[in-house]
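Everything below belongs to coords.cif, which stores mmCIF, C-alpha atoms.
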data_target
#
loop_
_atom_site.label_atom_id
_atom_site.label_comp_id
_atom_site.auth_asym_id
_atom_site.auth_seq_id
_atom_site.Cartn_x
_atom_site.Cartn_y
_atom_site.Cartn_z
CA MET A 22 -17.48 59.79 37.87
CA GLU A 23 -20.49 58.70 39.83
CA PHE A 24 -22.51 58.91 36.65
CA ARG A 25 -20.14 56.53 34.86
CA GLY A 26 -20.40 54.08 37.74
CA LYS A 27 -24.17 54.09 37.39
CA ILE A 28 -23.89 53.31 33.68
CA LEU A 29 -21.59 50.36 34.39
CA VAL A 30 -23.98 49.03 37.04
CA GLY A 31 -26.82 49.42 34.56
CA ALA A 32 -24.88 47.60 31.83
CA ALA A 33 -23.96 44.80 34.22
CA ALA A 34 -27.59 44.49 35.32
CA THR A 35 -28.60 44.30 31.66
CA VAL A 36 -26.11 41.49 31.04
CA VAL A 37 -27.39 39.60 34.09
CA LEU A 38 -30.96 40.10 32.90
CA GLY A 39 -29.93 38.77 29.47
CA LEU A 40 -28.26 35.71 30.98
CA ILE A 41 -31.28 34.93 33.16
CA GLY A 42 -33.65 35.42 30.24
CA HIS A 43 -31.52 33.23 28.04
CA ALA A 44 -31.30 30.43 30.58
CA ALA A 45 -35.03 30.56 31.19
CA THR A 46 -36.28 30.67 27.62
CA GLY A 47 -33.40 29.72 25.30
CA GLU A 48 -33.91 25.97 25.13
CA LYS A 49 -37.67 26.33 24.89
CA PHE A 50 -37.38 28.84 22.08
CA MET A 51 -35.02 26.63 20.11
CA SER A 52 -37.05 23.45 20.49
CA GLY A 53 -40.11 25.46 19.45
CA LEU A 54 -38.30 26.55 16.30
CA GLU A 55 -37.13 23.00 15.67
CA GLN A 56 -40.64 21.64 16.03
CA GLN A 57 -42.10 24.31 13.79
CA ALA A 58 -39.49 23.67 11.11
CA GLN A 59 -40.18 19.95 11.22
CA THR A 60 -43.93 20.54 10.96
CA GLU A 61 -43.49 22.86 7.99
CA LEU A 62 -41.31 20.31 6.22
CA ALA A 63 -43.77 17.51 6.90
CA ALA A 64 -46.61 19.67 5.53
CA ARG A 65 -44.78 19.78 2.21
CA GLY A 66 -43.93 16.13 2.14
CA LEU A 67 -40.28 16.79 2.89
CA ASP A 68 -40.28 14.88 6.13
CA ALA A 69 -37.34 12.74 5.01
CA ALA A 70 -35.29 15.70 6.20
CA THR A 71 -34.62 16.32 9.85
CA VAL A 72 -33.90 19.77 11.19
CA ARG A 73 -31.56 20.49 14.04
CA PHE A 74 -30.36 23.72 15.52
CA GLY A 75 -27.08 24.26 17.25
CA HIS A 76 -27.45 23.27 20.88
CA ASP A 77 -23.99 23.82 22.22
CA PRO A 78 -24.10 26.79 22.08
CA LEU A 79 -27.73 27.45 21.16
CA SER A 80 -27.91 28.98 17.72
CA ARG A 81 -30.60 29.92 15.25
CA SER A 82 -28.83 28.36 12.26
CA ALA A 83 -30.67 25.27 11.13
CA VAL A 84 -28.81 22.22 9.89
CA LEU A 85 -30.79 19.81 7.74
CA ASP A 86 -30.02 16.16 7.43
CA GLY A 87 -31.57 13.23 5.59
CA GLU A 88 -32.05 11.74 2.16
CA LEU A 89 -33.75 14.05 -0.32
CA ALA A 90 -33.52 14.56 -4.08
CA ASP A 91 -31.41 17.54 -5.20
CA GLY A 92 -34.45 19.64 -6.17
CA SER A 93 -36.19 19.04 -2.87
CA ARG A 94 -33.07 19.91 -0.91
CA GLN A 95 -33.25 23.55 -1.99
CA GLU A 96 -36.99 23.60 -1.36
CA ALA A 97 -36.45 22.26 2.14
CA LEU A 98 -33.88 25.00 2.81
CA ASP A 99 -36.34 27.66 1.59
CA VAL A 100 -39.11 26.26 3.77
CA VAL A 101 -36.91 26.34 6.86
CA MET A 102 -35.51 29.79 6.08
CA ALA A 103 -39.06 31.16 5.72
CA ILE A 104 -39.80 30.41 9.39
CA PRO A 105 -39.49 33.57 11.48
CA GLY A 106 -36.55 33.25 13.84
CA VAL A 107 -34.38 31.04 11.66
CA SER A 108 -31.19 32.88 10.75
CA GLN A 109 -29.54 30.35 8.46
CA ALA A 110 -30.27 26.97 6.93
CA SER A 111 -27.82 24.56 5.39
CA TRP A 112 -27.44 20.90 4.60
CA GLN A 113 -25.28 18.85 6.89
CA THR A 114 -23.47 17.24 3.97
CA ASP A 115 -22.60 20.64 2.49
CA GLU A 116 -21.02 21.82 5.67
CA ILE A 117 -17.31 21.37 5.50
CA ALA A 118 -16.82 23.38 8.64
CA ALA A 119 -19.42 21.32 10.50
CA LYS A 120 -16.75 20.12 12.92
CA ASP A 121 -17.63 22.62 15.62
CA LYS A 122 -21.29 21.75 15.51
CA SER A 123 -20.92 18.01 15.23
CA ASP A 124 -20.69 17.71 18.99
CA ASP A 125 -24.46 17.78 19.22
CA GLY A 126 -24.58 14.22 17.93
CA THR A 127 -25.78 14.61 14.36
CA SER A 128 -24.65 11.40 12.80
CA SER A 129 -23.61 12.36 9.30
CA ALA A 130 -21.39 15.25 10.42
CA ILE A 131 -19.51 12.77 12.51
CA SER A 132 -19.31 10.35 9.65
CA SER A 133 -17.90 12.90 7.19
CA GLU A 134 -15.43 14.11 9.77
CA MET A 135 -14.72 10.52 10.66
CA GLN A 136 -14.16 9.60 7.02
CA GLY A 137 -11.43 12.19 6.75
CA LYS A 138 -9.83 10.91 9.91
CA ILE A 139 -10.05 7.31 8.72
CA ALA A 140 -8.50 8.19 5.36
CA LYS A 141 -5.66 10.07 7.03
CA CYS A 142 -4.99 7.28 9.49
CA GLN A 143 -5.10 4.60 6.78
CA ASP A 144 -2.75 6.69 4.68
CA ASP A 145 -0.27 7.06 7.55
CA ILE A 146 -0.26 3.32 8.14
CA ASP A 147 0.00 2.50 4.44
CA LYS A 148 3.03 4.73 4.14
CA ILE A 149 4.74 2.94 7.01
CA ILE A 150 3.89 -0.51 5.69
CA GLU A 151 4.87 0.44 2.14
CA SER A 152 8.49 1.16 2.95
CA ARG A 153 8.99 -1.39 5.76
CA LYS A 154 7.08 -4.61 5.48
CA ILE A 155 6.22 -6.73 8.47
CA SER A 156 7.49 -10.08 7.30
CA PHE A 157 7.34 -13.62 8.65
CA ARG A 158 9.30 -16.72 7.92
CA SER A 159 7.32 -19.44 6.17
CA GLY A 160 5.34 -21.43 8.70
CA SER A 161 6.17 -19.08 11.55
CA ALA A 162 4.40 -16.37 13.51
CA TYR A 163 7.65 -15.16 15.06
CA VAL A 164 7.86 -11.37 15.01
CA SER A 165 11.44 -10.48 14.09
CA PRO A 166 13.32 -7.60 15.74
CA ALA A 167 13.06 -5.71 12.44
CA SER A 168 9.29 -6.15 12.50
CA ASN A 169 9.22 -5.04 16.12
CA LYS A 170 10.79 -1.76 15.07
CA ILE A 171 8.01 -1.33 12.52
CA LEU A 172 5.52 -1.95 15.31
CA ASP A 173 7.12 0.91 17.26
CA VAL A 174 6.51 3.28 14.35
CA LEU A 175 3.02 1.90 13.77
CA ALA A 176 2.06 2.31 17.41
CA THR A 177 3.13 5.95 17.28
CA ALA A 178 1.02 6.48 14.16
CA LEU A 179 -1.96 4.66 15.67
CA LYS A 180 -1.93 6.89 18.71
CA SER A 181 -3.12 9.73 16.49
CA CYS A 182 -5.98 7.50 15.26
CA ASP A 183 -7.83 8.18 18.45
CA GLY A 184 -11.48 7.14 18.27
CA LEU A 185 -11.08 4.78 15.31
CA SER A 186 -10.75 1.03 15.05
CA VAL A 187 -8.16 -1.00 13.22
CA VAL A 188 -8.47 -4.49 11.80
CA VAL A 189 -5.18 -6.35 11.68
CA GLU A 190 -5.39 -8.88 8.85
CA GLY A 191 -3.04 -11.82 8.81
CA HIS A 192 -2.25 -13.50 5.48
CA THR A 193 -0.10 -16.51 4.60
CA ASP A 194 1.38 -17.97 1.45
CA ASP A 195 -0.38 -20.91 -0.19
CA ASN A 196 2.08 -23.57 0.88
CA GLY A 197 0.67 -26.38 2.95
CA ASN A 198 -2.71 -27.09 4.44
CA SER A 199 -5.25 -24.27 4.18
CA ALA A 200 -6.67 -24.90 7.66
CA ILE A 201 -3.20 -24.66 9.15
CA ASN A 202 -2.56 -21.53 7.11
CA LYS A 203 -5.70 -19.97 8.52
CA THR A 204 -4.61 -20.73 12.06
CA MET A 205 -1.15 -19.42 11.24
CA SER A 206 -2.49 -16.15 9.81
CA GLN A 207 -4.70 -15.69 12.86
CA GLU A 208 -1.69 -16.24 15.08
CA ARG A 209 0.34 -13.70 13.11
CA ALA A 210 -2.45 -11.15 13.38
CA ASP A 211 -2.78 -11.88 17.10
CA ARG A 212 0.96 -11.39 17.62
CA ILE A 213 0.86 -8.05 15.84
CA LYS A 214 -2.17 -7.01 17.84
CA ALA A 215 -0.44 -8.04 21.07
CA GLY A 216 2.66 -6.10 20.01
CA LEU A 217 0.60 -2.97 19.44
CA VAL A 218 -1.28 -3.37 22.72
CA GLU A 219 2.09 -3.71 24.48
CA ARG A 220 3.00 -0.37 22.97
CA GLY A 221 0.00 1.32 24.51
CA ILE A 222 -2.71 0.98 21.87
CA PRO A 223 -6.07 0.17 23.50
CA GLU A 224 -6.98 -3.48 23.00
CA THR A 225 -10.58 -2.60 22.10
CA MET A 226 -9.34 -0.54 19.16
CA ILE A 227 -7.74 -3.51 17.40
CA THR A 228 -9.33 -6.62 15.92
CA ALA A 229 -7.12 -9.41 14.63
CA ILE A 230 -8.39 -11.59 11.77
CA GLY A 231 -6.57 -14.41 9.98
CA TYR A 232 -7.48 -14.97 6.34
CA GLY A 233 -5.03 -17.78 5.63
CA SER A 234 -4.03 -17.96 1.99
CA THR A 235 -7.48 -16.96 0.70
CA ARG A 236 -6.50 -13.39 -0.21
CA PRO A 237 -3.11 -13.49 -1.89
CA ARG A 238 -1.53 -10.24 -3.01
CA ALA A 239 0.83 -11.77 -5.55
CA LYS A 240 -0.07 -14.58 -7.92
CA GLY A 241 2.10 -17.62 -8.40
CA SER A 242 3.82 -19.74 -5.83
CA ASP A 243 7.47 -18.90 -6.30
CA ALA A 244 9.48 -17.69 -3.33
CA ALA A 245 9.03 -14.00 -4.23
CA ALA A 246 5.24 -14.28 -4.44
CA ASP A 247 5.12 -16.30 -1.22
CA ALA A 248 7.13 -13.67 0.61
CA GLN A 249 4.74 -10.99 -0.58
CA ASN A 250 1.73 -12.99 0.46
CA ARG A 251 3.00 -13.64 4.00
CA ARG A 252 1.95 -10.28 5.25
CA ILE A 253 -0.05 -8.18 7.65
CA GLU A 254 -2.51 -5.57 6.46
CA PHE A 255 -4.22 -2.85 8.42
CA ARG A 256 -7.71 -1.59 7.75
CA VAL A 257 -8.88 1.51 9.56
CA GLY A 258 -12.57 1.99 10.22
CA PRO A 259 -14.93 3.86 12.53
CA ALA A 260 -14.73 3.01 16.21
CA LYS A 261 -17.00 0.35 17.64
CA GLY A 262 -17.78 -0.87 21.11
CA PRO A 263 -16.35 0.73 24.25
CA THR A 264 -14.57 4.04 24.06
CA GLN A 265 -10.84 4.52 24.16
CA ASN A 266 -10.97 5.84 27.67
CA ASP A 267 -12.56 2.59 28.86
CA ALA A 268 -9.78 0.67 27.21
CA LYS A 269 -7.14 2.88 28.77
CA ALA A 270 -8.77 2.45 32.15
CA GLN A 271 -8.72 -1.32 31.73
CA GLN A 272 -5.06 -1.23 30.83
CA GLY A 273 -4.27 0.85 33.85
CA GLU A 274 -5.71 -1.75 36.18
CA MET B 30 -23.89 33.51 16.02
CA PRO B 31 -24.80 31.88 19.32
CA LEU B 32 -28.23 32.78 20.62
CA LEU B 33 -26.78 33.96 23.94
CA LEU B 34 -24.58 36.51 22.21
CA GLU B 35 -27.50 37.71 20.11
CA ASN B 36 -29.64 38.15 23.23
CA LEU B 37 -26.96 40.02 25.13
CA LEU B 38 -26.10 42.31 22.22
CA LEU B 39 -29.75 43.14 21.68
CA LEU B 40 -30.26 43.99 25.35
CA LEU B 41 -27.07 46.05 25.56
CA ILE B 42 -28.00 48.00 22.44
CA THR B 43 -31.43 48.64 23.96
CA PHE B 44 -29.72 49.79 27.16
CA ALA B 45 -27.42 52.11 25.22
CA ILE B 46 -30.32 53.61 23.28
CA GLY B 47 -32.24 54.13 26.53
CA LEU B 48 -29.21 55.78 28.05
CA ALA B 49 -28.74 58.09 25.07
CA LEU B 50 -32.43 59.02 25.08
CA GLY B 51 -32.35 59.62 28.84
CA TRP B 52 -29.37 61.88 28.52
CA PHE B 53 -30.96 63.72 25.62
CA VAL B 54 -34.22 64.32 27.51
CA TRP B 55 -32.99 65.01 31.04
CA GLY B 56 -29.25 65.30 31.19
CA ARG B 57 -28.99 67.95 28.48
CA ASN B 58 -31.75 70.09 30.06
CA LYS B 59 -29.89 70.08 33.34
CA GLU B 60 -26.80 71.50 31.65
CA GLU B 61 -28.76 74.32 30.07
CA TYR B 62 -30.47 75.54 33.22
#
Starting from the file, lay out its structure as structure tokens.
Amino acid sequence: MEFRGKILVGAAATVVLGLIGHAATGEKFMSGLEQQAQTELAARGLDAATVRFGHDPLSRSAVLDGELADGSRQEALDVVMAIPGVSQASWQTDEIAAKDKSDDGTSSAISSEMQGKIAKCQDDIDKIIESRKISFRSGSAYVSPASNKILDVLATALKSCDGLSVVVEGHTDDNGNSAINKTMSQERADRIKAGLVERGIPETMITAIGYGSTRPRAKGSDAAADAQNRRIEFRVGPAKGPTQNDAKAQQGE
Amino acid sequence: MPLLLENLLLLLITFAIGLALGWFVWGRNKEEY
């Protein structure tokens, strides 16, 4: 019994020793590896590639990033793998499961993950807009009760587009003065933006642009085409400017 | 695998081997005499 206790104490002491050793040397060891990998790549003229190791948590798998020709990509992997201490090497763009590692700030992992998110968000919005169109009366920026209901659904969808930005595009038909149409489309986009902000979407996430009648969807100037052209479109893109939390904080004030 | 886990596993395996060796060299003798 006493013997078993001693073993447990010994094991615990070993774990503590490991933790201390890791904290003291881990970062240094990894940055050493990173530097060495970068030097090796540069020595072979492959310095267009950047090497990063996992930092949160520290890991010996190298992730390469940068623009290289297909042949050189494999060579770069071999070079990095040949360094003692490196356990794995892969290209950022090949990593589908890079999500977990993307926290360390490597830009293209974020962009590929982001692209998926953008596509999903755009798809959600398109589906909503497809079946229920936000419509305006000619010469008016009045948001009808029916359109308000669509805004409710849109706002719910946009809440899952956390960390992205949305451009609300206002379009008009080609009746009347083009300058007035432009103002009108801007006003329509602004109203939609305001409606979404009212429903809890951060203001910084949405940009409203009026295109007037410069980008018609339907050709011709009959009533049907005009009705189609008086519309709002949504374009989802990567986030810009202040973060969502900032925007939420501002709203809370 | 995270570096921390690798470090800890390595140390614990070393500890276990040391323990086994220690038992083999000293513990077993004690039983015999």
Contact residues around range 43-45 of chain B with all atoms listed in the file at 10 Å, ignoring same-chain residues under 5 positions, as a list of chain:residue names: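 Listed by chain and then number, they are A:Ile28, A:Gly31, A:Ala32, A:Ala34, A:Thr35, A:Val36, B:Leu37, B:Leu38, B:Leu50, B:Gly51.
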Distance limit 8 Å, atoms considered: all atoms listed in the file. Which chain B residues sit that close to chain A? Return them as a short mmCIF file (atom, residue, chain, number, x, y, z; two decimals) with C-alpha atoms, keeping the file's coordinate frame.
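Writing the result to iface38.cif gives the following:
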data_model
loop_
_atom_site.label_atom_id
_atom_site.label_comp_id
_atom_site.auth_asym_id
_atom_site.auth_seq_id
_atom_site.Cartn_x
_atom_site.Cartn_y
_atom_site.Cartn_z
CA MET B 30 -23.89 33.51 16.02
CA PRO B 31 -24.80 31.88 19.32
CA LEU B 32 -28.23 32.78 20.62
CA LEU B 33 -26.78 33.96 23.94
CA ASN B 36 -29.64 38.15 23.23
CA LEU B 37 -26.96 40.02 25.13
CA LEU B 40 -30.26 43.99 25.35
CA LEU B 41 -27.07 46.05 25.56
CA PHE B 44 -29.72 49.79 27.16
#
Residues matched by the PyMOL selection byres ((chain A and resi 91-104) around 12), written as a PyMOL selection string: chain A and resi 53-74+81-90+105-115
Pull C-alpha atoms from the residues just selected and write them as a PDB file, in the coordinates of the input.
ATOM      1  CA  GLY A  53     -40.110  25.460  19.450  1.00  0.00           C
ATOM      2  CA  LEU A  54     -38.300  26.550  16.300  1.00  0.00           C
ATOM      3  CA  GLU A  55     -37.130  23.000  15.670  1.00  0.00           C
ATOM      4  CA  GLN A  56     -40.640  21.640  16.030  1.00  0.00           C
ATOM      5  CA  GLN A  57     -42.100  24.310  13.790  1.00  0.00           C
ATOM      6  CA  ALA A  58     -39.490  23.670  11.110  1.00  0.00           C
ATOM      7  CA  GLN A  59     -40.180  19.950  11.220  1.00  0.00           C
ATOM      8  CA  THR A  60     -43.930  20.540  10.960  1.00  0.00           C
ATOM      9  CA  GLU A  61     -43.490  22.860   7.990  1.00  0.00           C
ATOM     10  CA  LEU A  62     -41.310  20.310   6.220  1.00  0.00           C
ATOM     11  CA  ALA A  63     -43.770  17.510   6.900  1.00  0.00           C
ATOM     12  CA  ALA A  64     -46.610  19.670   5.530  1.00  0.00           C
ATOM     13  CA  ARG A  65     -44.780  19.780   2.210  1.00  0.00           C
ATOM     14  CA  GLY A  66     -43.930  16.130   2.140  1.00  0.00           C
ATOM     15  CA  LEU A  67     -40.280  16.790   2.890  1.00  0.00           C
ATOM     16  CA  ASP A  68     -40.280  14.880   6.130  1.00  0.00           C
ATOM     17  CA  ALA A  69     -37.340  12.740   5.010  1.00  0.00           C
ATOM     18  CA  ALA A  70     -35.290  15.700   6.200  1.00  0.00           C
ATOM     19  CA  THR A  71     -34.620  16.320   9.850  1.00  0.00           C
ATOM     20  CA  VAL A  72     -33.900  19.770  11.190  1.00  0.00           C
ATOM     21  CA  ARG A  73     -31.560  20.490  14.040  1.00  0.00           C
ATOM     22  CA  PHE A  74     -30.360  23.720  15.520  1.00  0.00           C
ATOM     23  CA  ARG A  81     -30.600  29.920  15.250  1.00  0.00           C
ATOM     24  CA  SER A  82     -28.830  28.360  12.260  1.00  0.00           C
ATOM     25  CA  ALA A  83     -30.670  25.270  11.130  1.00  0.00           C
ATOM     26  CA  VAL A  84     -28.810  22.220   9.890  1.00  0.00           C
ATOM     27  CA  LEU A  85     -30.790  19.810   7.740  1.00  0.00           C
ATOM     28  CA  ASP A  86     -30.020  16.160   7.430  1.00  0.00           C
ATOM     29  CA  GLY A  87     -31.570  13.230   5.590  1.00  0.00           C
ATOM     30  CA  GLU A  88     -32.050  11.740   2.160  1.00  0.00           C
ATOM     31  CA  LEU A  89     -33.750  14.050  -0.320  1.00  0.00           C
ATOM     32  CA  ALA A  90     -33.520  14.560  -4.080  1.00  0.00           C
ATOM     33  CA  PRO A 105     -39.490  33.570  11.480  1.00  0.00           C
ATOM     34  CA  GLY A 106     -36.550  33.250  13.840  1.00  0.00           C
ATOM     35  CA  VAL A 107     -34.380  31.040  11.660  1.00  0.00           C
ATOM     36  CA  SER A 108     -31.190  32.880  10.750  1.00  0.00           C
ATOM     37  CA  GLN A 109     -29.540  30.350   8.460  1.00  0.00           C
ATOM     38  CA  ALA A 110     -30.270  26.970   6.930  1.00  0.00           C
ATOM     39  CA  SER A 111     -27.820  24.560   5.390  1.00  0.00           C
ATOM     40  CA  TRP A 112     -27.440  20.900   4.600  1.00  0.00           C
ATOM     41  CA  GLN A 113     -25.280  18.850   6.890  1.00  0.00           C
ATOM     42  CA  THR A 114     -23.470  17.240   3.970  1.00  0.00           C
ATOM     43  CA  ASP A 115     -22.600  20.640   2.490  1.00  0.00           C
TER      44      ASP A 115
END
Could I get the residues of range 181-214 of chain A with an atom no further than 10 Å from an atom of range 243-251 of chain A, each paired with its nearest atom pair and that distance in Å to one decimal, using only C-alpha atoms, sorted by chain and residue number, as a tab-separated table?
residue	atom	partner	partner_atom	distance
A:Gly191	CA	A:Arg251	CA	7.9
A:His192	CA	A:Arg251	CA	5.5
A:Thr193	CA	A:Arg251	CA	4.3
A:Asp194	CA	A:Asp247	CA	4.9
A:Asp195	CA	A:Asp247	CA	7.3
A:Asn196	CA	A:Asp247	CA	8.2
A:Ser206	CA	A:Arg251	CA	8.4
A:Arg209	CA	A:Arg251	CA	9.5
Residues matched by the PyMOL selection byres ((chain A and resi 139-151) around 9) as a list in words: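 Selected by the PyMOL selection byres ((chain A and resi 139-151) around 9) here: Glu134, Met135, Gln136, Gly137, Lys138, Ser152, Arg153, Lys154, Ile155, Ile171, Val174, Leu175, Ala178, Leu179, Ser181, Cys182, Leu185, Ser186, Ile253, Glu254, Phe255, Arg256, Val257, Gly258 and Pro259 of chain A.
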Selection from above, C-alpha atoms, as a short mmCIF file (atom, residue, chain, number, x, y, z; two decimals), in the coordinates of the input, can you write it?
data_model
loop_
_atom_site.label_atom_id
_atom_site.label_comp_id
_atom_site.auth_asym_id
_atom_site.auth_seq_id
_atom_site.Cartn_x
_atom_site.Cartn_y
_atom_site.Cartn_z
CA GLU A 134 -15.43 14.11 9.77
CA MET A 135 -14.72 10.52 10.66
CA GLN A 136 -14.16 9.60 7.02
CA GLY A 137 -11.43 12.19 6.75
CA LYS A 138 -9.83 10.91 9.91
CA SER A 152 8.49 1.16 2.95
CA ARG A 153 8.99 -1.39 5.76
CA LYS A 154 7.08 -4.61 5.48
CA ILE A 155 6.22 -6.73 8.47
CA ILE A 171 8.01 -1.33 12.52
CA VAL A 174 6.51 3.28 14.35
CA LEU A 175 3.02 1.90 13.77
CA ALA A 178 1.02 6.48 14.16
CA LEU A 179 -1.96 4.66 15.67
CA SER A 181 -3.12 9.73 16.49
CA CYS A 182 -5.98 7.50 15.26
CA LEU A 185 -11.08 4.78 15.31
CA SER A 186 -10.75 1.03 15.05
CA ILE A 253 -0.05 -8.18 7.65
CA GLU A 254 -2.51 -5.57 6.46
CA PHE A 255 -4.22 -2.85 8.42
CA ARG A 256 -7.71 -1.59 7.75
CA VAL A 257 -8.88 1.51 9.56
CA GLY A 258 -12.57 1.99 10.22
CA PRO A 259 -14.93 3.86 12.53
#
